[in-house]
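As stored in input-v4.txt (compact mmCIF, C-alpha atoms and all ligand atoms):
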```txt
# COMPACT_ATOMS: atom_id res chain seq x y z
CA MET A 1 0.00 0.00 0.00
CA THR A 2 2.80 2.48 0.83
CA ASN A 3 4.20 2.07 -2.70
CA LEU A 4 0.94 3.51 -4.02
CA PHE A 5 1.89 6.85 -2.42
CA SER A 6 5.54 6.72 -3.45
CA LEU A 7 6.94 9.41 -5.78
CA GLU A 8 10.22 7.51 -6.23
CA GLY A 9 12.00 8.59 -9.42
CA LYS A 10 9.51 11.34 -10.25
CA ASN A 11 10.41 14.90 -11.24
CA ALA A 12 7.96 17.55 -10.06
CA LEU A 13 7.59 21.12 -11.35
CA ILE A 14 5.98 23.40 -8.77
CA THR A 15 5.29 26.90 -10.05
CA GLY A 16 5.95 29.67 -7.53
CA GLY A 17 7.53 27.10 -5.23
CA ALA A 18 10.01 29.40 -3.45
CA TYR A 19 7.96 29.60 -0.28
CA GLY A 20 4.42 29.23 1.06
CA ILE A 21 2.18 26.38 -0.06
CA GLY A 22 4.33 25.45 -3.06
CA PHE A 23 7.39 25.04 -0.87
CA GLU A 24 5.49 22.86 1.60
CA ILE A 25 4.18 20.68 -1.22
CA ALA A 26 7.75 20.34 -2.53
CA LYS A 27 8.98 19.17 0.89
CA ALA A 28 6.18 16.61 1.00
CA PHE A 29 7.13 15.32 -2.45
CA VAL A 30 10.76 14.91 -1.36
CA THR A 31 9.62 12.98 1.71
CA ALA A 32 7.58 10.75 -0.63
CA GLY A 33 10.74 10.02 -2.64
CA ALA A 34 10.62 12.52 -5.51
CA LYS A 35 13.80 12.50 -7.59
CA THR A 36 13.98 16.23 -8.39
CA ILE A 37 12.02 19.28 -7.29
CA ILE A 38 11.84 21.99 -9.95
CA PHE A 39 10.39 25.39 -9.15
CA ASN A 40 10.13 28.77 -10.85
CA ASN A 41 9.65 32.29 -9.65
CA ARG A 42 9.32 35.54 -11.51
CA ASN A 43 12.19 37.54 -10.02
CA GLU A 44 15.78 36.90 -9.01
CA LYS A 45 15.18 37.88 -5.37
CA THR A 46 12.43 35.31 -4.86
CA LEU A 47 14.37 32.69 -6.79
CA ARG A 48 17.36 33.18 -4.49
CA LEU A 49 15.08 33.10 -1.44
CA GLY A 50 13.62 29.84 -2.69
CA LEU A 51 17.03 28.25 -3.23
CA ASP A 52 18.03 29.32 0.29
CA ASN A 53 14.81 27.87 1.70
CA TYR A 54 15.42 24.50 0.03
CA LYS A 55 19.05 24.50 1.20
CA GLU A 56 17.94 25.27 4.76
CA ALA A 57 15.47 22.40 4.54
CA GLY A 58 18.31 20.09 3.47
CA ILE A 59 16.81 19.59 0.01
CA THR A 60 19.62 19.38 -2.56
CA ASN A 61 17.76 17.69 -5.44
CA VAL A 62 16.20 20.99 -6.49
CA LYS A 63 16.45 23.26 -9.55
CA GLY A 64 15.09 26.80 -9.66
CA TYR A 65 14.28 28.77 -12.81
CA LEU A 66 13.52 32.44 -13.37
CA CYS A 67 10.20 32.36 -15.18
CA ASP A 68 6.92 34.28 -15.01
CA VAL A 69 4.04 31.84 -15.60
CA THR A 70 2.21 34.44 -17.71
CA ASP A 71 5.05 34.64 -20.26
CA GLU A 72 4.55 31.89 -22.85
CA LYS A 73 8.01 32.31 -24.35
CA ALA A 74 9.69 32.20 -20.95
CA VAL A 75 7.66 29.09 -20.02
CA ALA A 76 8.59 27.34 -23.27
CA GLY A 77 12.25 28.22 -22.66
CA MET A 78 12.08 26.97 -19.08
CA ILE A 79 10.52 23.64 -20.11
CA GLU A 80 13.27 23.21 -22.73
CA LYS A 81 15.95 23.88 -20.10
CA ILE A 82 14.29 21.48 -17.67
CA HIS A 83 14.35 18.73 -20.31
CA GLU A 84 18.06 19.42 -20.94
CA GLU A 85 19.15 19.85 -17.32
CA VAL A 86 16.76 17.64 -15.33
CA GLY A 87 14.78 15.36 -17.63
CA GLN A 88 11.07 14.71 -17.94
CA ILE A 89 8.35 16.41 -15.91
CA ASP A 90 6.17 13.74 -14.29
CA ILE A 91 4.15 16.00 -11.97
CA LEU A 92 3.08 19.61 -12.52
CA VAL A 93 1.69 21.68 -9.65
CA ASN A 94 0.18 24.97 -10.83
CA ASN A 95 0.70 26.77 -7.53
CA ALA A 96 1.86 30.28 -8.50
CA GLY A 97 -0.83 32.78 -7.67
CA ILE A 98 -1.63 36.22 -6.38
CA ILE A 99 -4.65 37.91 -4.85
CA LYS A 100 -5.78 41.53 -4.87
CA ARG A 101 -8.31 42.48 -2.18
CA ILE A 102 -10.06 45.51 -3.72
CA PRO A 103 -13.83 46.26 -3.96
CA MET A 104 -14.75 45.35 -7.55
CA HIS A 105 -16.15 48.76 -8.40
CA GLU A 106 -12.83 50.31 -7.34
CA MET A 107 -10.62 47.75 -9.09
CA THR A 108 -9.01 48.79 -12.35
CA ARG A 109 -9.21 46.54 -15.38
CA ALA A 110 -5.43 46.14 -15.23
CA GLU A 111 -5.62 44.94 -11.60
CA PHE A 112 -8.42 42.49 -12.45
CA GLN A 113 -6.52 41.27 -15.52
CA GLU A 114 -3.29 40.71 -13.57
CA VAL A 115 -5.00 38.30 -11.18
CA ILE A 116 -6.73 36.44 -14.03
CA ASP A 117 -3.45 36.26 -15.98
CA ILE A 118 -1.45 34.77 -13.12
CA ASP A 119 -4.08 32.61 -11.43
CA LEU A 120 -5.91 31.26 -14.51
CA VAL A 121 -4.01 31.98 -17.74
CA GLY A 122 -0.72 30.95 -16.09
CA PRO A 123 -1.92 27.42 -15.28
CA TYR A 124 -3.21 27.13 -18.88
CA ILE A 125 0.15 28.25 -20.30
CA VAL A 126 2.26 25.93 -18.15
CA SER A 127 -0.12 22.96 -18.52
CA ALA A 128 -0.22 23.37 -22.32
CA ALA A 129 3.59 23.41 -22.37
CA VAL A 130 3.90 20.23 -20.27
CA LEU A 131 1.02 18.17 -21.70
CA PRO A 132 2.78 17.07 -24.95
CA GLU A 133 5.47 15.08 -23.10
CA MET A 134 2.87 13.57 -20.76
CA MET A 135 0.75 12.60 -23.80
CA GLU A 136 3.77 10.98 -25.44
CA ARG A 137 4.56 9.00 -22.29
CA ARG A 138 0.85 8.32 -21.73
CA GLU A 139 1.30 9.26 -18.10
CA GLY A 140 1.22 12.47 -16.06
CA LYS A 141 -0.14 14.27 -13.02
CA ILE A 142 -1.34 17.88 -13.02
CA ILE A 143 -2.47 19.47 -9.77
CA ASN A 144 -4.09 22.91 -9.86
CA ILE A 145 -4.12 24.84 -6.59
CA CYS A 146 -7.69 26.01 -6.34
CA SER A 147 -9.34 27.74 -3.38
CA MET A 148 -12.42 28.22 -1.22
CA MET A 149 -13.05 30.90 -3.84
CA SER A 150 -13.45 28.16 -6.42
CA GLU A 151 -16.79 27.60 -4.66
CA LEU A 152 -17.55 30.74 -2.63
CA GLY A 153 -17.41 34.49 -3.13
CA ARG A 154 -16.63 37.21 -0.67
CA GLU A 155 -16.19 40.96 -0.68
CA THR A 156 -13.10 42.41 -2.43
CA VAL A 157 -11.84 39.24 -4.14
CA SER A 158 -13.86 39.28 -7.41
CA ALA A 159 -10.89 38.71 -9.74
CA TYR A 160 -9.45 35.97 -7.54
CA ALA A 161 -12.79 34.15 -7.26
CA ALA A 162 -13.33 34.42 -11.03
CA ALA A 163 -9.84 33.01 -11.61
CA LYS A 164 -10.11 30.21 -9.07
CA GLY A 165 -13.62 29.32 -10.26
CA GLY A 166 -12.22 29.17 -13.78
CA LEU A 167 -9.30 27.07 -12.56
CA LYS A 168 -11.80 24.53 -11.18
CA MET A 169 -13.37 24.19 -14.64
CA LEU A 170 -9.95 24.21 -16.38
CA THR A 171 -9.07 21.28 -14.12
CA ARG A 172 -12.20 19.42 -15.19
CA ASN A 173 -11.56 20.20 -18.86
CA ILE A 174 -7.96 18.98 -18.81
CA CYS A 175 -9.30 15.80 -17.18
CA SER A 176 -11.91 15.48 -19.95
CA GLU A 177 -9.54 16.20 -22.86
CA TYR A 178 -6.46 14.26 -21.68
CA GLY A 179 -7.75 11.46 -19.48
CA GLU A 180 -7.39 9.07 -22.42
CA TYR A 181 -3.60 9.61 -22.23
CA ASN A 182 -3.56 8.39 -18.62
CA ILE A 183 -3.10 11.96 -17.43
CA GLN A 184 -4.88 12.85 -14.21
CA CYS A 185 -5.63 16.53 -13.58
CA ASN A 186 -7.09 17.36 -10.19
CA GLY A 187 -7.47 20.42 -8.02
CA LEU A 188 -6.24 20.89 -4.48
CA GLY A 189 -8.45 23.42 -2.73
CA PRO A 190 -6.84 24.71 0.47
CA GLY A 191 -9.01 26.44 3.04
CA TYR A 192 -7.50 29.32 4.98
CA ILE A 193 -3.77 28.63 5.33
CA ALA A 194 -1.27 30.68 7.32
CA THR A 195 1.10 31.90 4.58
CA PRO A 196 2.43 35.30 3.43
CA GLN A 197 -0.60 35.59 1.14
CA THR A 198 -3.02 35.58 4.08
CA ALA A 199 -0.78 37.39 6.56
CA PRO A 200 -2.71 40.68 6.13
CA LEU A 201 -5.88 38.85 7.27
CA ARG A 202 -4.23 37.74 10.50
CA GLU A 203 -2.45 40.96 11.47
CA LYS A 204 -3.09 42.23 14.99
CA GLN A 205 -5.13 45.42 15.13
CA PRO A 206 -3.53 48.68 16.40
CA ASP A 207 -5.10 48.04 19.82
CA GLY A 208 -3.53 44.56 19.86
CA SER A 209 -6.83 42.76 19.23
CA ARG A 210 -7.28 39.99 16.67
CA HIS A 211 -7.99 40.93 13.05
CA PRO A 212 -11.77 40.61 12.56
CA PHE A 213 -11.16 38.29 9.59
CA ASP A 214 -8.99 36.06 11.78
CA SER A 215 -11.89 35.64 14.23
CA PHE A 216 -14.33 35.18 11.32
CA ILE A 217 -12.35 32.36 9.73
CA CYS A 218 -11.86 30.57 13.03
CA ALA A 219 -15.66 30.71 13.53
CA LYS A 220 -16.16 29.35 10.00
CA THR A 221 -13.74 26.44 10.47
CA PRO A 222 -15.05 23.50 12.56
CA ALA A 223 -11.59 23.05 14.11
CA GLY A 224 -11.68 26.76 15.04
CA ARG A 225 -8.25 27.56 13.61
CA TRP A 226 -6.24 28.49 10.49
CA LEU A 227 -4.64 25.53 8.75
CA GLU A 228 -0.87 25.12 8.36
CA PRO A 229 0.73 24.70 4.90
CA SER A 230 2.16 21.37 6.09
CA GLU A 231 -1.42 20.02 6.36
CA LEU A 232 -1.58 20.01 2.57
CA ALA A 233 1.28 17.50 2.38
CA GLY A 234 -0.74 14.26 2.49
CA PRO A 235 -3.46 15.36 0.05
CA ALA A 236 -0.82 16.70 -2.37
CA VAL A 237 1.19 13.46 -2.30
CA PHE A 238 -2.04 11.51 -2.83
CA LEU A 239 -2.91 13.53 -5.95
CA ALA A 240 0.69 13.28 -7.25
CA SER A 241 0.97 9.51 -6.74
CA HIS A 242 -0.43 6.33 -8.27
CA ALA A 243 -2.82 6.20 -5.31
CA SER A 244 -4.99 8.68 -7.25
CA ASP A 245 -4.73 7.11 -10.75
CA ALA A 246 -8.51 6.62 -10.82
CA VAL A 247 -9.20 10.14 -9.50
CA ASN A 248 -9.58 12.73 -12.25
CA GLY A 249 -11.22 16.13 -12.53
CA HIS A 250 -11.74 16.21 -8.78
CA ILE A 251 -11.21 19.20 -6.53
CA LEU A 252 -9.90 17.89 -3.20
CA TYR A 253 -10.74 20.51 -0.60
CA VAL A 254 -8.39 20.63 2.36
CA ASP A 255 -10.32 23.20 4.33
CA GLY A 256 -10.87 21.78 7.79
CA GLY A 257 -14.57 21.56 6.96
CA ILE A 258 -15.29 25.20 6.06
CA LEU A 259 -17.38 24.28 3.02
CA ALA A 260 -19.52 21.95 5.15
CA TYR A 261 -20.12 24.32 8.05
CA ILE A 262 -22.60 27.18 8.52
CA GLY A 263 -20.24 28.69 11.07
CA LYS A 264 -20.15 28.97 14.85
CA GLN A 265 -23.04 30.99 16.28
CA PRO A 266 -21.71 34.19 17.87
CA LYS A 267 -22.04 34.04 21.67
P1 LIG D 301 2.23 33.11 -1.56
O1 LIG D 301 2.81 32.84 -0.23
O2 LIG D 301 1.92 34.51 -1.98
O3 LIG D 301 3.13 32.41 -2.69
C1 LIG D 301 2.76 32.54 -4.03
C2 LIG D 301 3.97 32.19 -4.85
O4 LIG D 301 3.67 32.37 -6.25
C3 LIG D 301 5.16 33.08 -4.54
O5 LIG D 301 6.36 32.33 -4.59
C4 LIG D 301 5.11 34.08 -5.68
O6 LIG D 301 6.35 34.66 -5.97
C5 LIG D 301 4.70 33.16 -6.83
N1 LIG D 301 4.20 33.89 -8.00
C6 LIG D 301 3.28 34.87 -8.03
N2 LIG D 301 3.08 35.29 -9.29
C7 LIG D 301 3.93 34.56 -10.08
C8 LIG D 301 4.20 34.53 -11.48
N3 LIG D 301 3.57 35.35 -12.32
N4 LIG D 301 5.12 33.66 -11.95
C9 LIG D 301 5.78 32.83 -11.09
N5 LIG D 301 5.57 32.81 -9.74
C10 LIG D 301 4.65 33.67 -9.26
O7 LIG D 301 0.86 32.32 -1.69
P2 LIG D 301 0.41 30.95 -1.02
O8 LIG D 301 -0.48 31.24 0.13
O9 LIG D 301 1.58 30.04 -0.85
O10 LIG D 301 -0.51 30.41 -2.20
C11 LIG D 301 -0.02 29.53 -3.18
C12 LIG D 301 -1.21 29.14 -4.02
O11 LIG D 301 -2.24 28.65 -3.15
C13 LIG D 301 -1.84 30.33 -4.75
O12 LIG D 301 -2.32 29.89 -6.01
C14 LIG D 301 -3.02 30.72 -3.84
O13 LIG D 301 -4.05 31.35 -4.59
C15 LIG D 301 -3.45 29.38 -3.37
N6 LIG D 301 -4.21 29.35 -2.13
C16 LIG D 301 -3.72 29.92 -0.99
C17 LIG D 301 -4.47 29.80 0.19
C18 LIG D 301 -4.01 30.38 1.49
O14 LIG D 301 -4.85 30.44 2.41
N7 LIG D 301 -2.78 30.80 1.63
C19 LIG D 301 -5.67 29.09 0.18
C20 LIG D 301 -6.13 28.57 -1.02
C21 LIG D 301 -5.38 28.69 -2.17
P3 LIG D 301 6.52 36.28 -5.87
O15 LIG D 301 7.23 36.50 -4.59
O16 LIG D 301 7.32 36.62 -7.06
O17 LIG D 301 5.15 36.91 -5.89
C1 LIG D 302 -9.05 35.79 1.13
C2 LIG D 302 -8.00 34.73 1.22
C3 LIG D 302 -8.45 33.48 0.50
C4 LIG D 302 -7.40 32.43 0.63
C5 LIG D 302 -7.80 31.18 -0.06
C6 LIG D 302 -8.99 30.55 0.55
O1 LIG D 302 -8.69 36.97 0.98
O2 LIG D 302 -10.23 35.42 1.23
O3 LIG D 302 -6.76 35.17 0.70
O4 LIG D 302 -8.72 33.75 -0.81
O5 LIG D 302 -6.21 32.84 0.06
O6 LIG D 302 -7.90 31.31 -1.43
O7 LIG D 302 -9.13 29.26 0.01
```

Would you give me this structure, written as structure tokens?
Ligand code: NAP
Ligand code: GCO
Amino acid sequence: MTNLFSLEGKNALITGGAYGIGFEIAKAFVTAGAKTIIFNNRNEKTLRLGLDNYKEAGITNVKGYLCDVTDEKAVAGMIEKIHEEVGQIDILVNNAGIIKRIPMHEMTRAEFQEVIDIDLVGPYIVSAAVLPEMMERREGKIINICSMMSELGRETVSAYAAAKGGLKMLTRNICSEYGEYNIQCNGLGPGYIATPQTAPLREKQPDGSRHPFDSFICAKTPAGRWLEPSELAGPAVFLASHASDAVNGHILYVDGGILAYIGKQPK
């Protein structure tokens, strides 16, 4: 049974994997036996930070590339370099993403477009670049990092919700179009995870009290807490391994039960 979850000999490309959720998923893949972790970030500073993070974690089988997921030419060039320097890509995790928390009527088109480009068009670009080799090998795993906003809306995150809702359907369409090549494409939908992306929602207020959103999310989560990035490890390894070969087009929510819960009644 343990072999089903093994990633022995597999190369995994994790976009935006310098820190946060992508970095945690990478560590989980290494623990599951992955041969090489490949990640990309869009600027030198983050790339260097990522390489330092992997070094500090004792992970040496890692390659980092400077590449913005929205730049088709850069992605094509990166994939070519990966094939030359590392080998085949067995697992792709479309993790790179941003969020802008702005009321929709105040958001500029450029701000809306930037979120869509990175969170939805980026996964299309990178998946389209990796699919041909997976089709040739008749084997591959694609994991799209979705969100609670793939299912729910909330104030100020219109572009992000539109992107993550679209990413849910892109996941299902890749499953539909490429399942016959033994390629499984699933979504991993984290709940509210303590990372730099959500740090503003957990900041202490000037009077030292909890951020209202922090209290709100804890009331919306049955366990009454934010989740840790490391809690995505098992679900990510499952979706990357042969244990999920019959799972396709599925969004696996790792949310501590938020989507099932009406929320704790205020006292
Ligand atoms: P994060 O800490 O902000 O990390 C995002 C990573 O993506 C960073 O390394 C960032 O690098 C990189 N990135 C951004 N735009 C990029 C681009 N155009 N090209 C390449 N890399 C790019 O976010 P996170 O919390 O780890 O989230 C990772 C993924 O999980 C995102 O897709 C997010 O939407 C999703 N998610 C997060 C949560 C949560 O609660 N944290 C929950 C559900 C889903 P830079 O430093 O260059 O920006
Ligand atoms: C927000 C948060 C969320 C999380 C995540 C939830 O502002 O509501 O950033 O969007 O990042 O996507 O699953």

Give me, as JSON lines, each residue of chain A that comes within 10 Å of ligand LIG 302 (chain D), together with its shortest interatomic pair and the distance in Å at one decimal, counting only C-alpha atoms and all ligand atoms, with rows ordered by chain and rising residue number.
```
{"residue": "A:Gly97", "atom": "CA", "partner": "D:LIG302", "partner_atom": "O5", "distance": 9.4}
{"residue": "A:Ile98", "atom": "CA", "partner": "D:LIG302", "partner_atom": "O5", "distance": 8.6}
{"residue": "A:Ile99", "atom": "CA", "partner": "D:LIG302", "partner_atom": "O3", "distance": 6.5}
{"residue": "A:Lys100", "atom": "CA", "partner": "D:LIG302", "partner_atom": "O1", "distance": 8.0}
{"residue": "A:Arg101", "atom": "CA", "partner": "D:LIG302", "partner_atom": "O1", "distance": 6.4}
{"residue": "A:Ile102", "atom": "CA", "partner": "D:LIG302", "partner_atom": "O1", "distance": 9.8}
{"residue": "A:Ile145", "atom": "CA", "partner": "D:LIG302", "partner_atom": "O6", "distance": 9.1}
{"residue": "A:Cys146", "atom": "CA", "partner": "D:LIG302", "partner_atom": "O6", "distance": 7.2}
{"residue": "A:Ser147", "atom": "CA", "partner": "D:LIG302", "partner_atom": "O7", "distance": 3.7}
{"residue": "A:Met148", "atom": "CA", "partner": "D:LIG302", "partner_atom": "O7", "distance": 3.7}
{"residue": "A:Met149", "atom": "CA", "partner": "D:LIG302", "partner_atom": "O6", "distance": 5.7}
{"residue": "A:Ser150", "atom": "CA", "partner": "D:LIG302", "partner_atom": "O7", "distance": 7.8}
{"residue": "A:Glu151", "atom": "CA", "partner": "D:LIG302", "partner_atom": "O7", "distance": 9.1}
{"residue": "A:Leu152", "atom": "CA", "partner": "D:LIG302", "partner_atom": "O7", "distance": 8.9}
{"residue": "A:Gly153", "atom": "CA", "partner": "D:LIG302", "partner_atom": "O2", "distance": 8.5}
{"residue": "A:Arg154", "atom": "CA", "partner": "D:LIG302", "partner_atom": "O2", "distance": 6.9}
{"residue": "A:Glu155", "atom": "CA", "partner": "D:LIG302", "partner_atom": "O2", "distance": 8.4}
{"residue": "A:Thr156", "atom": "CA", "partner": "D:LIG302", "partner_atom": "O1", "distance": 7.8}
{"residue": "A:Val157", "atom": "CA", "partner": "D:LIG302", "partner_atom": "O1", "distance": 6.4}
{"residue": "A:Tyr160", "atom": "CA", "partner": "D:LIG302", "partner_atom": "O4", "distance": 7.1}
{"residue": "A:Ala161", "atom": "CA", "partner": "D:LIG302", "partner_atom": "O4", "distance": 7.6}
{"residue": "A:Lys164", "atom": "CA", "partner": "D:LIG302", "partner_atom": "O6", "distance": 8.0}
{"residue": "A:Leu188", "atom": "CA", "partner": "D:LIG302", "partner_atom": "O7", "distance": 9.9}
{"residue": "A:Gly189", "atom": "CA", "partner": "D:LIG302", "partner_atom": "O7", "distance": 6.5}
{"residue": "A:Pro190", "atom": "CA", "partner": "D:LIG302", "partner_atom": "O7", "distance": 5.1}
{"residue": "A:Gly191", "atom": "CA", "partner": "D:LIG302", "partner_atom": "O7", "distance": 4.1}
{"residue": "A:Tyr192", "atom": "CA", "partner": "D:LIG302", "partner_atom": "C6", "distance": 4.8}
{"residue": "A:Ile193", "atom": "CA", "partner": "D:LIG302", "partner_atom": "C4", "distance": 7.1}
{"residue": "A:Ala194", "atom": "CA", "partner": "D:LIG302", "partner_atom": "O5", "distance": 9.0}
{"residue": "A:Thr195", "atom": "CA", "partner": "D:LIG302", "partner_atom": "O5", "distance": 8.6}
{"residue": "A:Pro196", "atom": "CA", "partner": "D:LIG302", "partner_atom": "O3", "distance": 9.6}
{"residue": "A:Gln197", "atom": "CA", "partner": "D:LIG302", "partner_atom": "O3", "distance": 6.2}
{"residue": "A:Thr198", "atom": "CA", "partner": "D:LIG302", "partner_atom": "O3", "distance": 5.1}
{"residue": "A:Ala199", "atom": "CA", "partner": "D:LIG302", "partner_atom": "O3", "distance": 8.7}
{"residue": "A:Pro200", "atom": "CA", "partner": "D:LIG302", "partner_atom": "O1", "distance": 8.7}
{"residue": "A:Leu201", "atom": "CA", "partner": "D:LIG302", "partner_atom": "O1", "distance": 7.1}
{"residue": "A:Phe213", "atom": "CA", "partner": "D:LIG302", "partner_atom": "O2", "distance": 8.9}
{"residue": "A:Ile217", "atom": "CA", "partner": "D:LIG302", "partner_atom": "O2", "distance": 9.3}
{"residue": "A:Tyr253", "atom": "CA", "partner": "D:LIG302", "partner_atom": "O7", "distance": 8.9}
{"residue": "A:Val254", "atom": "CA", "partner": "D:LIG302", "partner_atom": "O7", "distance": 9.0}
{"residue": "A:Asp255", "atom": "CA", "partner": "D:LIG302", "partner_atom": "O7", "distance": 7.5}
{"residue": "A:Ile258", "atom": "CA", "partner": "D:LIG302", "partner_atom": "O7", "distance": 9.5}
```

For a quick check of understanding, using all atoms listed in the file, which of A:Glu203, A:Ile79, A:Leu170, A:Ile21 has the smallest distance to Leu227 in chain A? A:Ile21

Would you be able to write out as a PyMOL selection string which residues have an atom within 12 Å of (-1.0, 6.0, -19.6) in the file's coordinates, counting only C-alpha atoms? chain A and resi 90+133-141+178-184+242+245-246

Restrict the selected residues to C-alpha atoms and save them as an mmCIF file, keeping the file's coordinate frame.
```cif
data_model
loop_
_atom_site.group_PDB
_atom_site.id
_atom_site.type_symbol
_atom_site.label_atom_id
_atom_site.label_comp_id
_atom_site.auth_asym_id
_atom_site.auth_seq_id
_atom_site.Cartn_x
_atom_site.Cartn_y
_atom_site.Cartn_z
ATOM 1 C CA ASP A 90 6.170 13.740 -14.290
ATOM 2 C CA GLU A 133 5.470 15.080 -23.100
ATOM 3 C CA MET A 134 2.870 13.570 -20.760
ATOM 4 C CA MET A 135 0.750 12.600 -23.800
ATOM 5 C CA GLU A 136 3.770 10.980 -25.440
ATOM 6 C CA ARG A 137 4.560 9.000 -22.290
ATOM 7 C CA ARG A 138 0.850 8.320 -21.730
ATOM 8 C CA GLU A 139 1.300 9.260 -18.100
ATOM 9 C CA GLY A 140 1.220 12.470 -16.060
ATOM 10 C CA LYS A 141 -0.140 14.270 -13.020
ATOM 11 C CA TYR A 178 -6.460 14.260 -21.680
ATOM 12 C CA GLY A 179 -7.750 11.460 -19.480
ATOM 13 C CA GLU A 180 -7.390 9.070 -22.420
ATOM 14 C CA TYR A 181 -3.600 9.610 -22.230
ATOM 15 C CA ASN A 182 -3.560 8.390 -18.620
ATOM 16 C CA ILE A 183 -3.100 11.960 -17.430
ATOM 17 C CA GLN A 184 -4.880 12.850 -14.210
ATOM 18 C CA HIS A 242 -0.430 6.330 -8.270
ATOM 19 C CA ASP A 245 -4.730 7.110 -10.750
ATOM 20 C CA ALA A 246 -8.510 6.620 -10.820
#
```

So that I can check the surroundings of range 37-44 of chain A, please list as a tab-separated table (two decimals) with C-alpha atoms, in the frame of the given file every protein, DNA and RNA residue that reaches within 8 Å of it, counting all atoms listed in the file and ignoring chain neighbours fewer than 5 positions away.
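Ended up saving to selection03.tsv:
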```tsv
chain	number	residue	atom	x	y	z
A	11	ASN	CA	10.41	14.90	-11.24
A	12	ALA	CA	7.96	17.55	-10.06
A	13	LEU	CA	7.59	21.12	-11.35
A	14	ILE	CA	5.98	23.40	-8.77
A	15	THR	CA	5.29	26.90	-10.05
A	16	GLY	CA	5.95	29.67	-7.53
A	17	GLY	CA	7.53	27.10	-5.23
A	18	ALA	CA	10.01	29.40	-3.45
A	26	ALA	CA	7.75	20.34	-2.53
A	29	PHE	CA	7.13	15.32	-2.45
A	30	VAL	CA	10.76	14.91	-1.36
A	61	ASN	CA	17.76	17.69	-5.44
A	62	VAL	CA	16.20	20.99	-6.49
A	63	LYS	CA	16.45	23.26	-9.55
A	64	GLY	CA	15.09	26.80	-9.66
A	65	TYR	CA	14.28	28.77	-12.81
A	66	LEU	CA	13.52	32.44	-13.37
A	67	CYS	CA	10.20	32.36	-15.18
A	68	ASP	CA	6.92	34.28	-15.01
A	69	VAL	CA	4.04	31.84	-15.60
```

Exercise on range 197-208 of chain A, axis-aligned box with 5 Å per side, report centre and edge lengths in Å to one decimal, as AutoDock Vina command-line options:
```
--center_x -3.2 --center_y 42.1 --center_z 10.5 --size_x 15.3 --size_y 23.1 --size_z 28.7
```

From the options A:Val121, A:Lys27, A:Trp226, A:Ala34, which residue's atoms come nearest to Asn53 in chain A, counting only C-alpha atoms? A:Lys27

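Closest approach to Arg172 in chain A among A:Cys185, A:Val75, A:Ala129, A:Leu120: A:Cys185, based on all atoms listed in the file.
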
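Between atom P3 of ligand LIG 301 (chain D) and CA of Gly166 in chain A there is a distance of 21.5 Å.
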
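The closest residue to Cys175 in chain A, picked from A:Gly20, A:Asn3, A:Leu131, A:Ala96 and counting only C-alpha atoms, is A:Leu131.
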
Which residue, A:Gly33, A:Gly249, A:Gly165, A:Pro212, has the smallest gap to ligand LIG 301 (chain D) when you use all atoms listed in the file? A:Gly165

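If you count all atoms listed in the file and ignore residues fewer than 3 places along the chain from Phe5 in chain A, what sits within 12 Å of it is Met1, Thr2, Glu8, Lys10, Ala28, Phe29, Thr31, Ala32, Gly33, Ala34, Ala233, Gly234, Pro235, Ala236, Val237, Phe238, Leu239, Ala240, Ser241, His242, Ala243, Ser244 and Asp245 of chain A.
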
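The closest residue to ligand LIG 301 (chain D), picked from A:Thr46, A:Ser215, A:Thr108, A:Ser230 and counting only C-alpha atoms and all ligand atoms, is A:Thr46.
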
In Å, rounded to a single decimal, give me how far CA of Gly9 in chain A is from atom C16 of ligand LIG 301 (chain D). 27.8 Å

What's the separation between CA of Gln205 in chain A and atom O9 of ligand LIG 301 (chain D), in Å to one decimal place? 23.2 Å

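For Glu111 in chain A, the list of residues within 9 Å, based on all atoms listed in the file and with local chain neighbours fewer than 4 positions off taken out, reads Lys100, Met107, Val115, Ile116 and Ala159 of chain A.
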